[in-house]
Amino acid sequence: MMNTINTKMTKSDCLEILSSKENIWFYYSQALYIKTKNMKNKIRLNTLLNAKSGLCNEDCGYCAQSKKSKATIQKYSLLPQDEIIRKALIAKKNNSSVFCIALSGTRPTQKEVLDLGETIKEIKRIMDIEICLSIGLITDNQIKYLKKCGIDRLNHNLNTSRENYPNITTTHSYDDRLNTLKKIKAFDINICSGFICGMGETDTQLVDLAFELKEQEPFSIPVNFLLPIKGTKLEKYNELTPIKCLKILIMLRLLFPKTEIRISAGREFHLGSLQQFAILIVDSIFLGNYLTEKGADITEDYQLLKELELIVEGEL
């Protein structure tokens with residue numbers, strides 16, 4: 001057992017946390033100390049917009065928007081500029097620090113990138129809010145253009161380990177995702193990249209994935225817990241427990257002491273009564289809905305944050 005906060009976490013340390021039974025609350029106290037030292041009792045809110053839904057040729061087993069999915073979802077092309085701006089205004093009104101715009105599909109068309117760029121410039125003109133864009137595999141010229149338009153960061157999740165990746169997706173590779181992160185980093189744009197836990201990965205694979213991500217020096221890490229969506233390949237995967245989810249967050253907090261860690265999809269479904277403990281050791285949460293699935297009601301989340309006496313960044 002680690003007796004003090006370990007500033008140089010090893011893979012063995014991480015595995016010890018994930019398997020711990022007797023010492024888990026000791027590790028939790030370390031994670032809480034790190035969060036409090038860096039952020040005190042503050043928390044950032046993020047709002048996610050599914051700006052293009054479905055219509056995807058990928059076969060990702062977790063995703064309702066996949067061409068293989070039989071889930072019933074809305075399908076639409078890129079939303080018009082005025083609708084995206086309207087959603088950004090709502091996000092700002094709800095005290096979100098970050099407005100996340102996501103597009104389904106392998107990669108965006110040139111027209112989509114140009115339209116998004118104009119929309120981002122207008123959002124930045126109207127309000128002070130950070131923009132995170134998730135648009136798949138992206139070219140050098142598209143990255144340079146979007147950086148010029150004012151994006152704050154690009155999201156591209158690694159999702160699962162190299163060894164587990166073929167079990168989840170076959171239409172693109174783990175290296176496609178990793179190389180995209182390297183490209184974003186090369187253009188000096190903040191990286192947002194994380195995981196989907198609970199897709200059959202082992203603890204060792206999860207730790208390997210975390211260490212590979214650490215090499216990319218992400219600005220933020222969204223931690224998703226698999227939502228077993230009916231009609232998807234992974235609809236019967238429900239192997240996570242509340243304490244396992246909390247252990248994953250503790251491990252990541254200790255491994256990434258100064259990186260923004262965000263609880264994302266699945267927190268309401270998997271964490272249960274431990275959700276309050278989880279929120280206290282992370283830096284941000286998503287407010288409202290996810291890509292195709294409902295999140296907690298915004299008023300419920302605000303009540304929870306109020307009970308924990310957390311100060312929302314930017315709250316008036």
# chains A, B, ... in the order shown; residues from 1 in each chain; ligands from 1
>>> select_by_dssp(residues="range 7-76 of chain A", states="strand (DSSP E)", output="count of residues only")
11
>>> select_by_dssp(residues="range 115-221 of chain A", states="helix (DSSP H, G or I)", output="CSV table (one decimal) with N, CA and C atoms, in the first residue's frame")
chain,number,residue,atom,x,y,z
A,115,ASP,N,-18.5,25.3,-42.2
A,115,ASP,CA,-19.7,25.8,-41.6
A,115,ASP,C,-19.4,25.9,-40.0
A,116,LEU,N,-18.8,24.9,-39.5
A,116,LEU,CA,-18.5,24.9,-38.1
A,116,LEU,C,-17.6,26.0,-37.7
A,117,GLY,N,-16.6,26.3,-38.5
A,117,GLY,CA,-15.7,27.4,-38.3
A,117,GLY,C,-16.4,28.7,-38.2
A,118,GLU,N,-17.3,29.0,-39.1
A,118,GLU,CA,-18.1,30.2,-39.1
A,118,GLU,C,-18.9,30.3,-37.8
A,119,THR,N,-19.5,29.1,-37.5
A,119,THR,CA,-20.4,29.1,-36.3
A,119,THR,C,-19.6,29.3,-35.0
A,120,ILE,N,-18.4,28.7,-34.9
A,120,ILE,CA,-17.5,28.9,-33.7
A,120,ILE,C,-17.1,30.4,-33.6
A,121,LYS,N,-16.7,31.0,-34.7
A,121,LYS,CA,-16.4,32.4,-34.7
A,121,LYS,C,-17.5,33.3,-34.2
A,122,GLU,N,-18.7,33.0,-34.6
A,122,GLU,CA,-19.9,33.7,-34.1
A,122,GLU,C,-20.2,33.5,-32.6
A,123,ILE,N,-20.0,32.3,-32.2
A,123,ILE,CA,-20.2,32.0,-30.7
A,123,ILE,C,-19.2,32.7,-29.9
A,124,LYS,N,-18.0,32.7,-30.4
A,124,LYS,CA,-16.9,33.4,-29.6
A,124,LYS,C,-17.2,34.9,-29.6
A,125,ARG,N,-17.8,35.5,-30.7
A,125,ARG,CA,-18.1,36.9,-30.7
A,125,ARG,C,-19.2,37.3,-29.8
A,126,ILE,N,-20.1,36.3,-29.6
A,126,ILE,CA,-21.3,36.6,-28.8
A,126,ILE,C,-21.0,36.4,-27.3
A,140,ASP,N,-4.7,18.0,-41.4
A,140,ASP,CA,-3.8,19.1,-40.9
A,140,ASP,C,-4.5,20.4,-41.2
A,141,ASN,N,-4.9,20.6,-42.5
A,141,ASN,CA,-5.5,21.9,-42.9
A,141,ASN,C,-6.8,22.2,-42.1
A,142,GLN,N,-7.6,21.2,-41.8
A,142,GLN,CA,-8.8,21.4,-41.0
A,142,GLN,C,-8.4,21.8,-39.6
A,143,ILE,N,-7.4,21.2,-39.0
A,143,ILE,CA,-7.0,21.6,-37.7
A,143,ILE,C,-6.5,23.1,-37.7
A,144,LYS,N,-5.7,23.4,-38.6
A,144,LYS,CA,-5.2,24.8,-38.7
A,144,LYS,C,-6.3,25.8,-38.9
A,145,TYR,N,-7.3,25.5,-39.7
A,145,TYR,CA,-8.5,26.3,-39.9
A,145,TYR,C,-9.3,26.5,-38.7
A,146,LEU,N,-9.6,25.4,-38.0
A,146,LEU,CA,-10.4,25.5,-36.8
A,146,LEU,C,-9.7,26.2,-35.6
A,147,LYS,N,-8.4,26.0,-35.6
A,147,LYS,CA,-7.6,26.8,-34.6
A,147,LYS,C,-7.7,28.3,-34.8
A,148,LYS,N,-7.7,28.6,-36.1
A,148,LYS,CA,-7.8,30.1,-36.4
A,148,LYS,C,-9.2,30.6,-36.1
A,149,CYS,N,-10.2,29.7,-36.2
A,149,CYS,CA,-11.6,30.1,-35.9
A,149,CYS,C,-11.8,30.3,-34.4
A,165,TYR,N,-9.3,-3.2,-28.6
A,165,TYR,CA,-9.9,-2.4,-29.7
A,165,TYR,C,-10.6,-3.3,-30.8
A,166,PRO,N,-10.0,-4.3,-31.3
A,166,PRO,CA,-10.6,-5.1,-32.4
A,166,PRO,C,-11.9,-5.7,-31.9
A,167,ASN,N,-12.1,-5.9,-30.6
A,167,ASN,CA,-13.4,-6.5,-30.1
A,167,ASN,C,-14.5,-5.5,-30.1
A,168,ILE,N,-14.1,-4.2,-30.2
A,168,ILE,CA,-15.1,-3.1,-30.1
A,168,ILE,C,-15.4,-2.5,-31.5
A,174,TYR,N,-7.0,1.4,-33.5
A,174,TYR,CA,-6.5,2.1,-32.3
A,174,TYR,C,-5.5,3.2,-32.8
A,175,ASP,N,-4.6,2.8,-33.7
A,175,ASP,CA,-3.6,3.7,-34.1
A,175,ASP,C,-4.2,4.9,-34.9
A,176,ASP,N,-5.3,4.7,-35.5
A,176,ASP,CA,-6.0,5.9,-36.2
A,176,ASP,C,-6.3,6.9,-35.1
A,177,ARG,N,-6.8,6.5,-34.0
A,177,ARG,CA,-7.2,7.4,-32.9
A,177,ARG,C,-5.9,8.0,-32.3
A,178,LEU,N,-4.9,7.2,-32.0
A,178,LEU,CA,-3.7,7.7,-31.3
A,178,LEU,C,-3.0,8.7,-32.2
A,179,ASN,N,-2.9,8.4,-33.5
A,179,ASN,CA,-2.2,9.3,-34.4
A,179,ASN,C,-3.0,10.6,-34.6
A,180,THR,N,-4.3,10.6,-34.4
A,180,THR,CA,-5.1,11.8,-34.5
A,180,THR,C,-4.7,12.7,-33.3
A,181,LEU,N,-4.6,12.1,-32.1
A,181,LEU,CA,-4.1,12.8,-30.9
A,181,LEU,C,-2.7,13.4,-31.1
A,182,LYS,N,-1.8,12.7,-31.7
A,182,LYS,CA,-0.5,13.2,-31.9
A,182,LYS,C,-0.5,14.3,-32.8
A,183,LYS,N,-1.4,14.3,-33.8
A,183,LYS,CA,-1.5,15.4,-34.8
A,183,LYS,C,-2.1,16.6,-34.1
A,184,ILE,N,-3.1,16.5,-33.3
A,184,ILE,CA,-3.6,17.6,-32.6
A,184,ILE,C,-2.6,18.3,-31.7
A,185,LYS,N,-1.8,17.4,-31.0
A,185,LYS,CA,-0.8,17.9,-30.1
A,185,LYS,C,0.3,18.6,-30.9
A,186,ALA,N,0.6,18.2,-32.1
A,186,ALA,CA,1.7,18.8,-32.9
A,186,ALA,C,1.3,20.2,-33.3
A,203,ASP,N,-8.2,-4.9,-16.1
A,203,ASP,CA,-7.5,-3.8,-15.3
A,203,ASP,C,-6.2,-3.5,-15.9
A,204,THR,N,-5.4,-4.5,-16.3
A,204,THR,CA,-4.1,-4.2,-16.9
A,204,THR,C,-4.3,-3.4,-18.2
A,205,GLN,N,-5.2,-3.8,-19.0
A,205,GLN,CA,-5.5,-3.0,-20.3
A,205,GLN,C,-5.9,-1.6,-20.0
A,206,LEU,N,-6.7,-1.4,-19.0
A,206,LEU,CA,-7.2,0.0,-18.7
A,206,LEU,C,-6.0,0.8,-18.2
A,207,VAL,N,-5.1,0.2,-17.4
A,207,VAL,CA,-4.0,1.0,-16.9
A,207,VAL,C,-3.0,1.3,-18.0
A,208,ASP,N,-2.8,0.3,-18.9
A,208,ASP,CA,-1.9,0.6,-20.1
A,208,ASP,C,-2.5,1.7,-20.9
A,209,LEU,N,-3.8,1.7,-21.1
A,209,LEU,CA,-4.4,2.8,-21.8
A,209,LEU,C,-4.2,4.2,-21.2
A,210,ALA,N,-4.4,4.2,-19.9
A,210,ALA,CA,-4.2,5.4,-19.1
A,210,ALA,C,-2.7,6.0,-19.3
A,211,PHE,N,-1.8,5.1,-19.2
A,211,PHE,CA,-0.4,5.5,-19.4
A,211,PHE,C,-0.1,6.0,-20.8
A,212,GLU,N,-0.7,5.3,-21.8
A,212,GLU,CA,-0.5,5.8,-23.1
A,212,GLU,C,-1.1,7.2,-23.3
A,213,LEU,N,-2.2,7.4,-22.7
A,213,LEU,CA,-2.9,8.7,-22.8
A,213,LEU,C,-2.0,9.8,-22.1
A,214,LYS,N,-1.4,9.4,-21.0
A,214,LYS,CA,-0.6,10.3,-20.3
A,214,LYS,C,0.5,10.9,-21.1
A,215,GLU,N,1.0,10.1,-22.1
A,215,GLU,CA,2.1,10.5,-23.0
A,215,GLU,C,1.6,11.7,-23.9
>>> residues_around(residues="Lys230 in chain A", least_positions_apart="2", cutoff="9 Å", atoms="only C-alpha atoms", output="list in words")
Ala64, Ser69, Lys70, Ala71, Thr72, Pro228, Thr232, Lys233, Leu234, Glu235 and Lys236 of chain A
>>> closest_atom_pairs(of="range 144-250 of chain A", to="range 29-50 of chain A", cutoff="12 Å", atoms="only C-alpha atoms", output="Markdown table")
| residue | atom | partner | partner_atom | distance |
| --- | --- | --- | --- | --- |
| A:Asn155 | CA | A:Leu48 | CA | 11.7 |
| A:Ser220 | CA | A:Arg44 | CA | 11.5 |
| A:Pro222 | CA | A:Asn46 | CA | 10.5 |
| A:Leu246 | CA | A:Ala31 | CA | 10.7 |
| A:Lys247 | CA | A:Ala31 | CA | 10.3 |
| A:Ile248 | CA | A:Ala31 | CA | 11.2 |
| A:Leu249 | CA | A:Ala31 | CA | 8.7 |
| A:Ile250 | CA | A:Ala31 | CA | 5.8 |
>>> residues_around(residues="Lys75 in chain A", least_positions_apart="5", cutoff="7 Å", atoms="only C-alpha atoms", output="list in words")
Ser53, Gly54 and Leu55 of chain A
>>> closest_residue(among="A:Gln65, A:Asn95, A:Ser12, A:Thr170", to="Met127 in chain A", atoms="only C-alpha atoms")
A:Asn95
>>> residues_around(residues="range 261-271 of chain A", least_positions_apart="2", cutoff="7 Å", atoms="only C-alpha atoms", output="ChimeraX atom specification")
/A:220-227,240-242,245,259,273-275,282-286,290,296
>>> write_last_selection(atoms="C-alpha atoms", output="PDB file, in the first residue's frame")
ATOM      1  CA  SER A 220      -9.031  17.085 -20.090  1.00  0.00           C
ATOM      2  CA  ILE A 221     -10.042  13.439 -19.696  1.00  0.00           C
ATOM      3  CA  PRO A 222     -13.716  12.510 -20.057  1.00  0.00           C
ATOM      4  CA  VAL A 223     -14.346   9.236 -18.229  1.00  0.00           C
ATOM      5  CA  ASN A 224     -17.332   7.370 -19.652  1.00  0.00           C
ATOM      6  CA  PHE A 225     -18.920   4.281 -18.150  1.00  0.00           C
ATOM      7  CA  LEU A 226     -20.532   2.121 -20.808  1.00  0.00           C
ATOM      8  CA  LEU A 227     -24.256   2.617 -21.239  1.00  0.00           C
ATOM      9  CA  LEU A 240     -19.365  -2.383 -13.761  1.00  0.00           C
ATOM     10  CA  THR A 241     -20.225  -1.804 -10.109  1.00  0.00           C
ATOM     11  CA  PRO A 242     -20.414   1.546  -8.309  1.00  0.00           C
ATOM     12  CA  CYS A 245     -16.263   3.017 -11.164  1.00  0.00           C
ATOM     13  CA  THR A 259      -5.332  17.281 -15.528  1.00  0.00           C
ATOM     14  CA  SER A 273     -25.218   6.257  -4.276  1.00  0.00           C
ATOM     15  CA  LEU A 274     -21.464   6.723  -4.794  1.00  0.00           C
ATOM     16  CA  GLN A 275     -21.971   9.497  -7.329  1.00  0.00           C
ATOM     17  CA  VAL A 282     -13.159  15.293 -10.291  1.00  0.00           C
ATOM     18  CA  ASP A 283     -12.913  18.713 -11.890  1.00  0.00           C
ATOM     19  CA  SER A 284     -15.967  18.746 -14.137  1.00  0.00           C
ATOM     20  CA  ILE A 285     -19.160  16.983 -15.143  1.00  0.00           C
ATOM     21  CA  PHE A 286     -21.433  17.006 -18.162  1.00  0.00           C
ATOM     22  CA  TYR A 290     -25.239  12.923 -23.836  1.00  0.00           C
ATOM     23  CA  ALA A 296     -29.745  13.646 -15.257  1.00  0.00           C
TER      24      ALA A 296
END
>>> atom_distance(atom1="CA of Ser193 in chain A", atom2="CA of Phe277 in chain A")
22.8 Å
>>> closest_residue(among="A:Lys244, A:Tyr302, A:Gly105, A:Gly231", to="Glu315 in chain A", atoms="only C-alpha atoms")
A:Tyr302
>>> atom_distance(atom1="CA of Asn23 in chain A", atom2="CA of Ala278 in chain A")
16.7 Å
>>> residues_around(residues="Asp297 in chain A", least_positions_apart="6", cutoff="10 Å", atoms="only C-alpha atoms", output="VMD selection string")
chain A and resid 287 to 289
>>> closest_atom_pairs(of="range 89-159 of chain A", to="range 292-295 of chain A", cutoff="12 Å", atoms="only C-alpha atoms", output="Markdown table")
| residue | atom | partner | partner_atom | distance |
| --- | --- | --- | --- | --- |
| A:Ala102 | CA | A:Thr292 | CA | 11.3 |
| A:Leu103 | CA | A:Thr292 | CA | 11.8 |
| A:Ser104 | CA | A:Thr292 | CA | 10.8 |
>>> residues_around(residues="Ser66 in chain A", least_positions_apart="5", cutoff="8 Å", atoms="only C-alpha atoms", output="count of residues only")
8
>>> atom_distance(atom1="CA of Ile84 in chain A", atom2="CA of Lys52 in chain A")
10.6 Å
>>> decode(residues="range 289-311 of chain A", atoms="N, CA, C and O atoms", output="PDB file, in the first residue's frame")
ATOM      1  N   ASN A 289     -27.948  16.125 -21.246  1.00  0.00           N
ATOM      2  CA  ASN A 289     -27.929  14.887 -22.012  1.00  0.00           C
ATOM      3  C   ASN A 289     -26.583  14.619 -22.679  1.00  0.00           C
ATOM      4  O   ASN A 289     -25.739  15.503 -22.800  1.00  0.00           O
ATOM      5  N   TYR A 290     -26.429  13.346 -23.112  1.00  0.00           N
ATOM      6  CA  TYR A 290     -25.239  12.923 -23.836  1.00  0.00           C
ATOM      7  C   TYR A 290     -25.570  12.849 -25.329  1.00  0.00           C
ATOM      8  O   TYR A 290     -26.502  13.500 -25.787  1.00  0.00           O
ATOM      9  N   LEU A 291     -24.846  12.066 -26.086  1.00  0.00           N
ATOM     10  CA  LEU A 291     -25.055  12.075 -27.531  1.00  0.00           C
ATOM     11  C   LEU A 291     -26.449  11.597 -27.930  1.00  0.00           C
ATOM     12  O   LEU A 291     -27.198  12.310 -28.580  1.00  0.00           O
ATOM     13  N   THR A 292     -26.785  10.374 -27.532  1.00  0.00           N
ATOM     14  CA  THR A 292     -28.116   9.846 -27.853  1.00  0.00           C
ATOM     15  C   THR A 292     -28.894   9.444 -26.610  1.00  0.00           C
ATOM     16  O   THR A 292     -30.057   9.064 -26.716  1.00  0.00           O
ATOM     17  N   GLU A 293     -28.270   9.518 -25.459  1.00  0.00           N
ATOM     18  CA  GLU A 293     -28.898   9.064 -24.219  1.00  0.00           C
ATOM     19  C   GLU A 293     -29.157  10.238 -23.281  1.00  0.00           C
ATOM     20  O   GLU A 293     -28.429  11.223 -23.277  1.00  0.00           O
ATOM     21  N   LYS A 294     -30.199  10.092 -22.471  1.00  0.00           N
ATOM     22  CA  LYS A 294     -30.554  11.131 -21.514  1.00  0.00           C
ATOM     23  C   LYS A 294     -29.595  11.125 -20.330  1.00  0.00           C
ATOM     24  O   LYS A 294     -29.173  10.075 -19.859  1.00  0.00           O
ATOM     25  N   GLY A 295     -29.265  12.308 -19.859  1.00  0.00           N
ATOM     26  CA  GLY A 295     -28.517  12.441 -18.626  1.00  0.00           C
ATOM     27  C   GLY A 295     -29.468  12.807 -17.501  1.00  0.00           C
ATOM     28  O   GLY A 295     -30.688  12.742 -17.647  1.00  0.00           O
ATOM     29  N   ALA A 296     -28.910  13.212 -16.377  1.00  0.00           N
ATOM     30  CA  ALA A 296     -29.745  13.646 -15.257  1.00  0.00           C
ATOM     31  C   ALA A 296     -30.422  14.964 -15.594  1.00  0.00           C
ATOM     32  O   ALA A 296     -29.928  15.751 -16.416  1.00  0.00           O
ATOM     33  N   ASP A 297     -31.560  15.206 -14.975  1.00  0.00           N
ATOM     34  CA  ASP A 297     -32.207  16.504 -15.115  1.00  0.00           C
ATOM     35  C   ASP A 297     -31.288  17.581 -14.547  1.00  0.00           C
ATOM     36  O   ASP A 297     -30.667  17.390 -13.497  1.00  0.00           O
ATOM     37  N   ILE A 298     -31.187  18.698 -15.240  1.00  0.00           N
ATOM     38  CA  ILE A 298     -30.266  19.752 -14.832  1.00  0.00           C
ATOM     39  C   ILE A 298     -30.554  20.234 -13.411  1.00  0.00           C
ATOM     40  O   ILE A 298     -29.633  20.484 -12.624  1.00  0.00           O
ATOM     41  N   THR A 299     -31.836  20.340 -13.069  1.00  0.00           N
ATOM     42  CA  THR A 299     -32.178  20.798 -11.717  1.00  0.00           C
ATOM     43  C   THR A 299     -31.711  19.796 -10.660  1.00  0.00           C
ATOM     44  O   THR A 299     -31.317  20.190  -9.555  1.00  0.00           O
ATOM     45  N   GLU A 300     -31.736  18.505 -10.984  1.00  0.00           N
ATOM     46  CA  GLU A 300     -31.257  17.487 -10.046  1.00  0.00           C
ATOM     47  C   GLU A 300     -29.747  17.609  -9.837  1.00  0.00           C
ATOM     48  O   GLU A 300     -29.253  17.496  -8.710  1.00  0.00           O
ATOM     49  N   ASP A 301     -29.017  17.844 -10.930  1.00  0.00           N
ATOM     50  CA  ASP A 301     -27.574  18.013 -10.805  1.00  0.00           C
ATOM     51  C   ASP A 301     -27.240  19.248  -9.979  1.00  0.00           C
ATOM     52  O   ASP A 301     -26.335  19.219  -9.133  1.00  0.00           O
ATOM     53  N   TYR A 302     -27.952  20.333 -10.211  1.00  0.00           N
ATOM     54  CA  TYR A 302     -27.692  21.548  -9.446  1.00  0.00           C
ATOM     55  C   TYR A 302     -28.000  21.345  -7.962  1.00  0.00           C
ATOM     56  O   TYR A 302     -27.291  21.865  -7.089  1.00  0.00           O
ATOM     57  N   GLN A 303     -29.036  20.592  -7.666  1.00  0.00           N
ATOM     58  CA  GLN A 303     -29.367  20.303  -6.272  1.00  0.00           C
ATOM     59  C   GLN A 303     -28.261  19.472  -5.625  1.00  0.00           C
ATOM     60  O   GLN A 303     -27.875  19.718  -4.473  1.00  0.00           O
ATOM     61  N   LEU A 304     -27.730  18.512  -6.369  1.00  0.00           N
ATOM     62  CA  LEU A 304     -26.645  17.675  -5.867  1.00  0.00           C
ATOM     63  C   LEU A 304     -25.402  18.520  -5.586  1.00  0.00           C
ATOM     64  O   LEU A 304     -24.772  18.389  -4.530  1.00  0.00           O
ATOM     65  N   LEU A 305     -25.059  19.407  -6.519  1.00  0.00           N
ATOM     66  CA  LEU A 305     -23.885  20.266  -6.327  1.00  0.00           C
ATOM     67  C   LEU A 305     -24.079  21.207  -5.146  1.00  0.00           C
ATOM     68  O   LEU A 305     -23.136  21.488  -4.401  1.00  0.00           O
ATOM     69  N   LYS A 306     -25.315  21.666  -4.973  1.00  0.00           N
ATOM     70  CA  LYS A 306     -25.626  22.545  -3.848  1.00  0.00           C
ATOM     71  C   LYS A 306     -25.454  21.816  -2.523  1.00  0.00           C
ATOM     72  O   LYS A 306     -24.895  22.362  -1.563  1.00  0.00           O
ATOM     73  N   GLU A 307     -25.927  20.569  -2.465  1.00  0.00           N
ATOM     74  CA  GLU A 307     -25.802  19.786  -1.240  1.00  0.00           C
ATOM     75  C   GLU A 307     -24.340  19.532  -0.888  1.00  0.00           C
ATOM     76  O   GLU A 307     -23.977  19.452   0.294  1.00  0.00           O
ATOM     77  N   LEU A 308     -23.499  19.413  -1.905  1.00  0.00           N
ATOM     78  CA  LEU A 308     -22.073  19.184  -1.684  1.00  0.00           C
ATOM     79  C   LEU A 308     -21.316  20.492  -1.470  1.00  0.00           C
ATOM     80  O   LEU A 308     -20.104  20.475  -1.231  1.00  0.00           O
ATOM     81  N   GLU A 309     -22.023  21.607  -1.559  1.00  0.00           N
ATOM     82  CA  GLU A 309     -21.446  22.943  -1.402  1.00  0.00           C
ATOM     83  C   GLU A 309     -20.284  23.172  -2.372  1.00  0.00           C
ATOM     84  O   GLU A 309     -19.267  23.792  -2.022  1.00  0.00           O
ATOM     85  N   LEU A 310     -20.464  22.678  -3.588  1.00  0.00           N
ATOM     86  CA  LEU A 310     -19.491  22.910  -4.641  1.00  0.00           C
ATOM     87  C   LEU A 310     -19.811  24.220  -5.343  1.00  0.00           C
ATOM     88  O   LEU A 310     -20.970  24.544  -5.595  1.00  0.00           O
ATOM     89  N   ILE A 311     -18.764  24.966  -5.660  1.00  0.00           N
ATOM     90  CA  ILE A 311     -18.938  26.250  -6.341  1.00  0.00           C
ATOM     91  C   ILE A 311     -18.784  26.021  -7.839  1.00  0.00           C
ATOM     92  O   ILE A 311     -17.737  25.557  -8.308  1.00  0.00           O
TER      93      ILE A 311
END
